[in-house]
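Trainee: My questions all concern the structure below.
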Amino acid sequence: MNHPKRLLLSNLAWSQEVSTREPEFFSELARGQQPRFLWIGCSDSRVPAERITNAQPGELFVHRNIANLYTSDDGNTSSVIEYAVHALKVEHVIICGHHHCGGVRAALSPPSDALPIVNRRIAGLRELAGRHRDELHAIADFDERVDRFAELNVIEQVRLLRESPIVRRAPRPPQVHGWIFGLRAGLITQLTDMDEARDIAGMHAEAHQSVAA
Ligand SMILES: [Zn+2]
């Protein structure tokens with residue numbers, strides 16, 4: 001059934017099932033949130049953050065946009081990050097891209113006249129593709145090239161976010177992680193080193209303390 005009513009019926013069934021299994025669940029949720037993770041992912045319908053990580057309501061603070069991009073001049077993404085890092089004080093930011101990403105594919109293809117807003121949005125991705133031209137062109141298969149560029153994009157977004165004032169000036173800078181979700185097996189692979197994220201977060205914390213002192 002493709003009618004939205006199906007979603008409402010599913011919600012009703014879910015609510016009843018959870019209430020039966022865990023009577024206090026929803027009253028706990030209503031008390032407030034204390035998520036430990038900010039998830040920045042792609043809007044793609046095949047990459048639902050909570051579903052693929054088996055996270056429960058209250059665990060992930062989530063922002064999703066086309067191709068999981070962070071740009072400092074994007075008030076939407078930046079406000080989510082600011083709130084997560086400065087108000088909720090999340091300990092980890094996870095940027096999770098995915099293979100078969102339509103936004104990443106679009107950045108490696110000629111611009112579409114029908115999608116001017118998307119074109120503007122992914123302009124930075126096109127530039128990034130230019131910076132990795134040699135590596136990308138060495139991959140003959142276009143789908144494989146798209147998947148590799150999806151990974152390079154995550155690594156770039158991690159770099160940008162780690163260097164951003166929102167993260168660096170946080171009272172307790174979070175660790176920023178880069179992950180990629182593979183659709184074929186449903187598995188997430190780490191693209192950045194967890195220890196490296198910790199080192200950088202520690203360095204920022206020390207820098208912040210010395211500035212404050
Ligand atoms: Zn995508």
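Chain labels A, B, ... are given in the sequence in which chains occur in the structure tokens; within each chain residues are numbered consecutively from 1, and ligands are likewise numbered from 1 in the order shown.
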Can you tell me which residues sit at most 9 Å away from ligand 1, counting only C-alpha atoms and all ligand atoms, written as JSON, numbers by chain?

Mentor: {"A": [41, 42, 43, 44, 45, 46, 47, 65, 66, 67, 68, 97, 98, 99, 100, 101, 102, 103, 104, 105, 150]}

Trainee: As a PyMOL selection string, please: the residues near A:Ser15 (cut-off 9 Å, only C-alpha atoms, same-chain neighbours under 5 positions excluded).

Mentor: chain A and resi 10+20+26

Trainee: Set the distance at 12 Å and use only C-alpha atoms: which residues neighbour stretch 106-115 of chain A once local chain neighbours fewer than 5 positions away are removed? I'd like the list as a ChimeraX atom specification.

Mentor: /A:66-67,100-101,120-130,132-133,136-137,142-150,153

Trainee: Go through stretch 78-107 of chain A residue by residue and, counting only C-alpha atoms, keep those with an atom at most 8 Å from stretch 155-175 of chain A; for each kept residue give the shortest atom pair and its distance in Å to one decimal, ordered by chain and increasing number, as CSV.

Mentor:
```
residue,atom,partner,partner_atom,distance
A:Ser78,CA,A:Ile166,CA,7.9
A:Ile81,CA,A:Ile166,CA,7.4
A:Glu82,CA,A:Ile166,CA,6.1
A:Val85,CA,A:Ala170,CA,6.6
A:His86,CA,A:Ala170,CA,6.0
A:Lys89,CA,A:Arg172,CA,7.2
A:Val90,CA,A:Pro174,CA,6.5
A:Glu91,CA,A:Pro174,CA,4.6
A:His92,CA,A:Gln175,CA,4.8
A:Val93,CA,A:Gln175,CA,6.1
A:Ile95,CA,A:Val158,CA,6.8
```

Trainee: DSSP on the backbone, then: every residue of stretch 64-209 of chain A marked alpha helix (DSSP H), written as a PyMOL selection string.

Mentor: chain A and resi 75-82+102-107+116-121+123-131+133-137+142-162+165-168+194-209

Trainee: Neighbouring residues of A:Leu29 were defined as those with any atom within 12 Å, considering only C-alpha atoms; residues of the same chain fewer than 3 positions away were excluded. Please report them as a ChimeraX atom specification.

Mentor: /A:19,22-26,32-35,56-59
